[in-house]
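Q: Quick one: the structure is below, questions incoming.
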Amino acid sequence: MVVGNLTIDDVVLPDGTTRMASVGGNSLYAALGARPWQPSVGIVTRRGDDFPGDLAAELAELGIASAGVVAVAGPTVRNWVVYEANGDRHWIYRTPRERSAEVAVQAGDLPEAWLSNGSAPVVHVAAMPIDAAEAVVDAVLRNAPEALISLDTHEDYVASYRERLRALAARVEAFLPSRSELADLVGYDDPIRALGDLGRLPTPIIVIKMGADGVLVWNRRRGVLHAVPAGEGDVVDVTGAGDGFCGGFAAGLSLGDTPVQAAQRGVVSAAYAVASFGSLGLALVRREEAEARLAAQPAPRTLPLPDHDPAPAVPGADRGIKSPTEIMREEIAMIPELIQAQLLALAGPLGELARELGRARIRNVYLAGCGDSAFAGAAAALAFRKHSGIHAEAVEALELARYRIRYLPQASAVVCLSFSGKVGRTIEVAVQARRFGHRVVAVTGDADSPLAREADHVVPLSVPTLGYSPGTSTYLAMLLSLMQLAALWKGEERSLFDRVPELARQTLAASDGPVSALAQRLSKSSWIAFLGAGPNLASAAFGAAKLFEGPQMLATVTNLEEWAHGEYFVTRPEAPVVVVAPSGSSFDRAAEILAELDFLGADSVLVSDTAPASVHPRTLIPIAPGLPEELTPILAALPLSLLAFYLAKARSQASFEFPSPEAAREHYETIHRATVGEPA
C-alpha cells in the first residue's frame, strides 16, 4: 500500500520549454516505483475534481488497485516546477495553503479490506502533513498490528516538528529521510554522524536518500551499514526520484528482501523515474527489464557503524553551555513531551512483546535492576498485577541473581532494567535467567549494550539528554515502558494513558512554586525522611536517591507503616518528613501518620492528588488528579525531581560530577563489573 498525494505539475525547463498538466504526486511515483517488483500494489490518495482522465481506469491498466483513491470537491494540488540550467529545481505551490488539510490523505481513506485481510501488509507513508502522517500510522497499527510501515518525510516541516517526527519514526519499520531532511532533523549535514545521532531510536531500518550519491542503509537488527550506489542511466527530470526509490524499497520489504536488497530495487526504480519527464518512464517499465537492470547493479559497500551519540541533538541543546542544575531543570521540563513521544513510539514494539509473552503463556514477571531501575520495577509491579492478570514482583538485581533465580517458577519472564545497559548485576540477572530457562527482556537506552546482547527481547528507549545530571527523564522512561507493557498485555493502553502527558504538564506547573519554597526552607536540614507505600514506596526511594545525586544530602526512605515502628523515635520537632501518598489503598493510613507527625512538631510534607480532611500537613505538594493509584508514580516523580533541583540550587551545588577522574573510574568499574556468581 502506498499512501500519499496526487499533484498536477506545470514544468518549465531551462530552455523555456513548458510541459503543462503533468500528472505527479508522491503516491503515484511510489506506487509506480513498486509496480515492477510487486504485482499487488494499492494506492491511497485524494484527487480533486479537475484531475485529468479516468484515474481508476488508468491505474487498473497498470495493475494498481485504486479502492483507496478518494474524490474530493475542488482542485487538485497544482505546482509550478521550474528547472535551472545547473540542475536546481524550484517548487511554486499554486494551491492555497489552507487547502492542504483538505487534499491531504486521511486515516479514514485507508480501505478496511486492505488492512483486515489476515495478511501483514507493507505500507509506505509518503510525505504529507505531520498530523496526517501520525493519523495514518495510528490507523495502520490499530487495524493491522503486524504491518511493516516505511515512512518518508517532508522538508517543509522537519525543523518545526523534530520531536514529533522522531516519535513517529520510532513507530515504523523503516525511516527514509533525504539527506537535506536529515540535516534539518539533527541540525547539521553529516549523514554518518547523524545516523549515530538517531541511534537511540528503536526504528529497525534507517535509510538516507543521497541523490546521485545513492543511499545509506542502516540495518539496526543486524548491526550493518551499507552504501548502495545510485542506478546508472540518463537523468532528464529528477522529480519523483525519491518517491520512486521508496516504492521500490517498500516492494522489496514485501518480498522478504533484506534492507540492502530492498534498497537496490529502490535505486533501480529511482533510475527509471529520472530518465523521462513525469511519471511516464516508470509507468512503462516491465518486470523483466527491471530485474535485468537490478542484476547489473554495482555491489553495495559495507561501512563502519556510526558511533552512537550519547547526547542526541534536541531543541534547545545548542543554546550555549549550561550548568548542571540548568541541565537538570530543562530535562525535567521536557518530561511531558518525552512521555507523549514514548507512548507513541513504544506502542507497537511493546504490543508485539506483550503478544509474544502471551503466546508463550508467561504467568510470572520479575522486574530486576539497580538504583533508579530497581525503583522503576517496584513502582510498576502493581500495574502488572492489576492490568496484565499475571504475578509480578520487583526484585533488586543482586537479590534476584544470587538468591532468588534458582527458585523462580516455570513460565516466568525476567525484565532487566538498565538505561546504560552496562550495569554488572543486571547483566548477571540476564545471564542467570537464561541459564535457568527463563525468557529475558532488556529495557535499555542502548540496543547494542552488553545487557541487550544477553536478552531474548529488547525494548529500546529513546531519551534525549542535554548533558550530565541526576537521572530524572531516564527513570520516567523506564517506568512508563513497564506500565505500557502491563496495560498492553490486556489491550488497555490507549484509554489508560491518553491524559498522562497533559497531567504531567499540570503537575509540573502546579508543584513548581510550592516545591521551590519548600527547598528554601529545607536547604539547611541535615537529613530528610521519605515515606511511601505500595507503588509509591518506590517513589519515596526515588526522591531520596535524587537527594544523594543532586544536592548531595542525606535522606532515608521508609515504608509508611514502618516509620511508626522505627524513625518515629528519632523524629524531632522541625524534622522534615516527605510523605508520598496519592489517593489509594494507603491514603487513610497516610492521614493518620501525618497526624502523628503534626503531634511531634515535624515539618510534614504531603505529595498527593488530594488533601486529607482531618489533618493539614505544613506543605501540600500537588500532583494532578485523574490517574488510578498504580499509575500515580509517573506523576509523583515530578515534584520529587523538582525538589532535588531546587535543593541543589539553594545549596549552590555547582557540579554533580565525581571529585576526580579516578573516583569516577572506580565507581563505574564497581557497578559495571559483570561477574557471575553461583546462586544460593
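The way I read the labels, and the way they are meant: chains A, B, ... in the order of the C-alpha cells, residue 1 as the first residue of every chain, and ligand 1 as the first ligand shown, with later ones counted on from there.
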Give me the residues within 12 Å of A:Tyr403 as a ChimeraX atom specification, counting only C-alpha atoms and dropping any in the same chain fewer than 6 places off.
A: /A:395-397,429,432,677-680
Q: Write out the residues from the selection above, keeping C-alpha atoms, as an mmCIF file, in the first residue's frame.
A:
data_model
loop_
_atom_site.group_PDB
_atom_site.id
_atom_site.type_symbol
_atom_site.label_atom_id
_atom_site.label_comp_id
_atom_site.auth_asym_id
_atom_site.auth_seq_id
_atom_site.Cartn_x
_atom_site.Cartn_y
_atom_site.Cartn_z
ATOM 1 C CA VAL A 395 13.484 -7.824 42.971
ATOM 2 C CA GLU A 396 16.759 -5.929 43.291
ATOM 3 C CA ALA A 397 19.271 -7.324 40.813
ATOM 4 C CA VAL A 429 20.456 -11.439 36.188
ATOM 5 C CA GLN A 432 21.394 -16.455 35.130
ATOM 6 C CA GLY A 677 28.276 -15.871 40.892
ATOM 7 C CA GLU A 678 26.792 -19.174 41.927
ATOM 8 C CA PRO A 679 23.269 -18.552 43.238
ATOM 9 C CA ALA A 680 22.216 -19.876 46.628
#
Q: Per DSSP on the backbone, filter stretch 113-331 of chain A down to the residues in helix (DSSP H, G or I) and report them as a PyMOL selection string.
A: chain A and resi 113-115+130-143+162-169+179-186+191-200+211-213+241-254+259-274+280-283+287-295+324-331
Q: Which residues, written as a list of chain:residue names, have at least one atom at most 8 Å from A:Asn219, with only C-alpha atoms counted and residues fewer than 5 positions away on the same chain left out?
A: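 Counting only the stated atoms, we get A:Pro204, A:Ile205, A:Ile206, A:Val224, A:Leu225, A:Pro259, A:Val260.
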Q: Each residue of stretch 125-192 of chain A lying at most 12 Å from stretch 44-63 of chain A should get a row with its shortest atom-to-atom pair and the distance in Å to one decimal, counting only C-alpha atoms; could you produce that, ordered by chain and increasing number, as a tab-separated table?
A:
residue	atom	partner	partner_atom	distance
A:Val125	CA	A:Val44	CA	9.6
A:Ala126	CA	A:Thr45	CA	10.3
A:Ala127	CA	A:Thr45	CA	11.8
A:Met128	CA	A:Thr45	CA	10.7
A:Ala132	CA	A:Thr45	CA	11.8
A:Val136	CA	A:Val44	CA	10.6
Q: Go ahead and save the picked residues with N, CA and C atoms, as a PDB file, in the first residue's frame.
A:
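Saved to part09.pdb:
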ATOM      1  N   VAL A 125       4.216   5.269   3.817  1.00  0.00           N
ATOM      2  CA  VAL A 125       3.605   6.564   4.120  1.00  0.00           C
ATOM      3  C   VAL A 125       4.500   7.632   3.520  1.00  0.00           C
ATOM      4  N   ALA A 126       4.049   8.216   2.418  1.00  0.00           N
ATOM      5  CA  ALA A 126       4.835   9.220   1.714  1.00  0.00           C
ATOM      6  C   ALA A 126       4.747  10.561   2.444  1.00  0.00           C
ATOM      7  N   ALA A 127       5.471  11.563   1.947  1.00  0.00           N
ATOM      8  CA  ALA A 127       5.476  12.877   2.589  1.00  0.00           C
ATOM      9  C   ALA A 127       4.082  13.470   2.613  1.00  0.00           C
ATOM     10  N   MET A 128       3.675  13.936   3.780  1.00  0.00           N
ATOM     11  CA  MET A 128       2.368  14.578   3.969  1.00  0.00           C
ATOM     12  C   MET A 128       2.439  15.385   5.254  1.00  0.00           C
ATOM     13  N   ALA A 132      -1.407  14.353   9.485  1.00  0.00           N
ATOM     14  CA  ALA A 132      -1.944  13.291   8.641  1.00  0.00           C
ATOM     15  C   ALA A 132      -1.092  12.036   8.749  1.00  0.00           C
ATOM     16  N   VAL A 136      -2.369   8.357   9.992  1.00  0.00           N
ATOM     17  CA  VAL A 136      -2.279   7.182   9.122  1.00  0.00           C
ATOM     18  C   VAL A 136      -1.530   6.055   9.830  1.00  0.00           C
TER      19      VAL A 136
END
Q: Please determine, counting only C-alpha atoms, which residue among A:Gly252, A:Pro177, A:Pro633, A:Pro111 has the shortest atom-to-atom distance to A:Leu480.
A: A:Pro633
Q: With only C-alpha atoms as the basis for distance, which of A:Trp489, A:Ala34, A:Glu669, A:Ala354 is at the shortest distance from A:Lys386?
A: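 Closest residue, counting only C-alpha atoms: A:Trp489.
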Q: If we count only C-alpha atoms, what is near A:Thr670 at a cut-off of 10 Å, once residues fewer than 4 positions away on the same chain are taken out, given as a PyMOL selection string?
A: chain A and resi 423-424+664-666+674
Q: Considering only C-alpha atoms, state which residue in the set A:Val238, A:Val267, A:Ala452, A:Ala230 is at the smallest distance from A:Gly33.
A: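 The shortest atom-to-atom distance to A:Gly33 comes from A:Val267.
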Q: Can you pull out the residues contacting A:Leu398? Cut-off 9 Å, using only C-alpha atoms, and skip same-chain residues under 4 positions away; I want them as a list of chain:residue names.
A: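 Here the answer would be A:Ala368, A:Gly369, A:Cys370, A:Arg402, A:Tyr403, A:Arg425, A:Thr426, A:Glu428, A:Val429.
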